[in-house]
Amino acid sequence: MYFPAAFQVLFLALLAAFGWGMNLRLLSRAGVKVRPVLQLAQLPTTHADIDWVDDGLYGNVFRLAAVLSGIASIGWILCAMSRDPAIQTAITLLTYIVIIFVLVVPRRILCYTVRRQFLGLLARIVKPSMTDPVCLADVVMADILTSCARMFADLFLVGCQFGKFIWPKRFGADLSASQGGLSALVQFVRDRHEQDACTSSGMAGMLLVCVPYGFRLRQCINEYLKAAPGSSDARRHMANAIKYASSFPVIALSATQRQVTVDGIMETKYSDWALHAAFGLWVAAVGFNSLYSFYWDVAFDWNLGHSSSGWKLSDLIAPVDDKPPVEMSDTFVESPAEALQDDTFSESTLPSTRRDFPWMLRPCLRFASHKLYYIAMALDFLLRVAWTMKLSSYIQIDTMAYGAFWLNALEIYRRWQWTFLRIEKEAAL
């Protein structure tokens with residue numbers, strides 16, 4: 001089946017968009033007001049005339065994702081009908097251009113609110129500021145980008161293929177074929193060079209995979225600088241920054257192993273030793289990152305792991321201060337819990353705080369089914385471990401039939417359920 005990486009990236013991104021719309025829909029049906037929780041109305045990139053009704057928000061997300069899916073599907077079908085690689089590349093390039101145009105067109109048409117929110121959040125995440133407030137919407141969007149990190153490297157290869165199509169001479173080997181008997185060899189080298197072009201992202205791909213984690217690391221440092229020195233919030237933000245920083249050794253060691261085993265560099269008597277050393281370091285790095293990230297999801301992002309005695313998992317790193325710390329910045333936006341007090345829940349609708357709550361959960365739960373939380377924790381652990389398969393050089397997931405695509409899809413699902421419970425946790429505060 002014709003399903004190249006260019007369209008895999010598109011459909012994975014659209015899957016994430018539909019997942020976000022489903023998050024908004026299910027949370028709205030559960031009585032959660034997403035607008036105050038995400039603090040969307042407080043973002044400086046928004047306008048007062050934008051409709052912030054939650055129902056319109058998820059409806060527009062679905063409509064925009066459906067339009068973009070239609071464009072991507074038409075491009076994919078047209079490419080599959082053609083057998084000429086040049087025509088397929090031209091159609092793929094045109095599909096990308098149309099989708100980008102739909103996203104950035106400044107006219108108040110075609111889900112203008114959602115498009116402006118999306119582009120505004122991207123601009124805030126990319127902006128290298130240590131003074132701007134970090135809203136929950138910024139955090140959620142940046143975390144979603146970390147789940148799409150591998151797609152950034154794939155997009156680099158897609159862009160390389162487009163460049164090869166537009167400027168073919170720049171991607172060909174700069175060799176002369178007028179060297180007598182060497183002409184056949186020169187032609188062979190040229191053909192091999194053009195064939196290998198845009199097949200591996202190399203160092204550029206590794207750096208692009210690091211970019212989303214760098215965005216989230218900056219946000220953590222930003223929040224750490226705003227917290228009172230020595231407070232529980234300061235310890236929490238610093239511990240969160242360490243979690244994202246621990247992703248960089250995993251990515252670097254994965255790229256090193258891939259180059260040694262696949263690209264064939266370091267073919268010396270020390271190559272086996274170097275490979276085993278890199279793999280040992282990779283196992284240690286990925287073990288720490290995966291287990292620490294799973295702990296953080298449960299203890300902090302979902303605020304689970306409470307005991308009837310009052311102790312909770314998050315106390316291992318950042319026990320709550322006896323007195324609430326005073327924020328150092330008077331420009332910081334109100335917390336989601338404060339925003340919810342005005343227009344989201346009344347006292348009669350908020351869950352009651354009690355000590356007979358289910359094991360390893362928390363006193364206040366927005367959903368009656370306790371199994372939902374246990375299943376989410378189990379799947380989060382399994383999928384975090386499975387995600388490391390994509391990075392391991394010993395498990396060549398890319399050689400399996402669409403193995404990388406399905407593994408990326410599972411990571412998008414994991415992020416979907418993470419987002420669902422992340423917002424639920426804020427609503428239950």
# chains A, B, ... in the order shown; residues from 1 in each chain; ligands from 1
>>> residues_around(residues="segment 109-117 of chain A", least_positions_apart="5", cutoff="7 Å", atoms="only C-alpha atoms", output="list in words")
Ile50, Asn60, Val61, Leu64 and Leu103 of chain A
>>> residues_around(residues="Asp154 of chain A", least_positions_apart="5", cutoff="9 Å", atoms="only C-alpha atoms", output="list of chain:residue names")
A:Ala5, A:Ala6, A:Val9, A:Gly159, A:Ser201, A:Gly205
>>> write_last_selection(atoms="N, CA, C and O atoms", output="tab-separated table (two decimals), in the first residue's frame")
chain	number	residue	atom	x	y	z
A	5	ALA	N	6.12	8.50	4.15
A	5	ALA	CA	6.30	9.21	5.42
A	5	ALA	C	5.64	10.58	5.40
A	5	ALA	O	5.14	11.05	6.44
A	6	ALA	N	5.60	11.23	4.25
A	6	ALA	CA	4.99	12.56	4.17
A	6	ALA	C	3.53	12.53	4.59
A	6	ALA	O	3.05	13.42	5.31
A	9	VAL	N	3.02	11.54	8.46
A	9	VAL	CA	3.14	12.69	9.36
A	9	VAL	C	1.84	13.49	9.38
A	9	VAL	O	1.34	13.89	10.45
A	159	GLY	N	10.87	17.62	4.00
A	159	GLY	CA	11.37	18.86	3.42
A	159	GLY	C	12.57	18.63	2.53
A	159	GLY	O	12.74	19.30	1.50
A	201	SER	N	17.88	11.41	8.69
A	201	SER	CA	17.91	12.79	9.17
A	201	SER	C	19.21	13.13	9.88
A	201	SER	O	19.58	14.30	9.98
A	205	GLY	N	18.14	15.63	12.44
A	205	GLY	CA	16.96	14.97	13.00
A	205	GLY	C	17.03	14.87	14.50
A	205	GLY	O	16.02	15.08	15.20
>>> closest_residue(among="A:Ala278, A:Ala378, A:Tyr213, A:Leu225", to="Phe248 of chain A", atoms="only C-alpha atoms")
A:Tyr213
>>> residues_around(residues="Phe118 of chain A", least_positions_apart="6", cutoff="12 Å", atoms="only C-alpha atoms", output="list in words")
Ala17, Trp20, Leu40, Leu43, Thr45, Thr46, Leu57, Asn60, Val61, Leu64, Leu103, Val104, Cys111, Tyr112, Arg124, Ile125, Ala137, Asp138, Val140, Met141 and Ala142 of chain A
>>> residues_around(residues="Ser129 of chain A", least_positions_apart="6", cutoff="9 Å", atoms="only C-alpha atoms", output="VMD selection string")
chain A and resid 218 to 219 222
>>> write_last_selection(atoms="all heavy atoms", output="PDB file, in the first residue's frame")
ATOM      1  N   ARG A 218      12.217  25.050  28.979  1.00  0.00           N
ATOM      2  CA  ARG A 218      12.212  26.501  29.203  1.00  0.00           C
ATOM      3  C   ARG A 218      11.024  26.924  30.053  1.00  0.00           C
ATOM      4  O   ARG A 218      11.139  27.791  30.942  1.00  0.00           O
ATOM      5  CB  ARG A 218      12.200  27.234  27.864  1.00  0.00           C
ATOM      6  CG  ARG A 218      12.212  28.761  28.003  1.00  0.00           C
ATOM      7  CD  ARG A 218      11.838  29.448  26.725  1.00  0.00           C
ATOM      8  NE  ARG A 218      10.495  29.097  26.278  1.00  0.00           N
ATOM      9  CZ  ARG A 218       9.390  29.645  26.772  1.00  0.00           C
ATOM     10  NH1 ARG A 218       9.459  30.534  27.749  1.00  0.00           N
ATOM     11  NH2 ARG A 218       8.210  29.286  26.307  1.00  0.00           N
ATOM     12  N   GLN A 219       9.851  26.341  29.802  1.00  0.00           N
ATOM     13  CA  GLN A 219       8.677  26.677  30.601  1.00  0.00           C
ATOM     14  C   GLN A 219       8.887  26.324  32.070  1.00  0.00           C
ATOM     15  O   GLN A 219       8.506  27.097  32.965  1.00  0.00           O
ATOM     16  CB  GLN A 219       7.450  25.940  30.057  1.00  0.00           C
ATOM     17  CG  GLN A 219       6.955  26.443  28.711  1.00  0.00           C
ATOM     18  CD  GLN A 219       5.769  25.647  28.208  1.00  0.00           C
ATOM     19  OE1 GLN A 219       5.501  24.541  28.678  1.00  0.00           O
ATOM     20  NE2 GLN A 219       5.035  26.195  27.249  1.00  0.00           N
ATOM     21  N   ASN A 222      11.172  28.826  33.609  1.00  0.00           N
ATOM     22  CA  ASN A 222      10.410  30.071  33.757  1.00  0.00           C
ATOM     23  C   ASN A 222       9.577  30.038  35.031  1.00  0.00           C
ATOM     24  O   ASN A 222       9.584  30.987  35.837  1.00  0.00           O
ATOM     25  CB  ASN A 222       9.527  30.265  32.520  1.00  0.00           C
ATOM     26  CG  ASN A 222       8.801  31.602  32.517  1.00  0.00           C
ATOM     27  OD1 ASN A 222       8.887  32.385  33.465  1.00  0.00           O
ATOM     28  ND2 ASN A 222       8.062  31.856  31.462  1.00  0.00           N
TER      29      ASN A 222
END
>>> atom_distance(atom1="atom CA of Gln257 of chain A", atom2="atom CA of Asn408 of chain A")
20.4 Å
>>> residues_around(residues="Tyr373 of chain A", least_positions_apart="5", cutoff="9 Å", atoms="only C-alpha atoms", output="list of chain:residue names")
A:Leu304, A:Leu361, A:Phe367, A:Ala378, A:Leu421
>>> write_last_selection(atoms="N, CA, C and O atoms", output="CSV table (one decimal), in the first residue's frame")
chain,number,residue,atom,x,y,z
A,304,LEU,N,-2.5,11.8,41.5
A,304,LEU,CA,-3.0,10.5,42.1
A,304,LEU,C,-2.0,10.0,43.1
A,304,LEU,O,-0.9,10.6,43.3
A,361,LEU,N,-5.7,6.6,44.6
A,361,LEU,CA,-6.3,7.7,43.8
A,361,LEU,C,-6.3,9.0,44.6
A,361,LEU,O,-5.2,9.3,45.2
A,367,PHE,N,-14.8,11.8,37.9
A,367,PHE,CA,-15.5,10.7,37.2
A,367,PHE,C,-15.7,9.6,38.2
A,367,PHE,O,-14.9,9.2,39.1
A,378,ALA,N,-2.1,2.1,34.2
A,378,ALA,CA,-1.4,0.9,33.6
A,378,ALA,C,-1.0,1.1,32.1
A,378,ALA,O,0.1,0.8,31.7
A,421,LEU,N,-6.9,13.4,31.7
A,421,LEU,CA,-6.8,13.4,33.1
A,421,LEU,C,-6.0,14.6,33.7
A,421,LEU,O,-6.2,15.0,34.8
>>> closest_residue(among="A:Val102, A:Leu208, A:Ala427, A:Ala241", to="Leu27 of chain A", atoms="only C-alpha atoms")
A:Ala427
>>> closest_residue(among="A:Phe62, A:Phe405, A:Leu253, A:Thr95", to="Leu78 of chain A", atoms="only C-alpha atoms")
A:Thr95
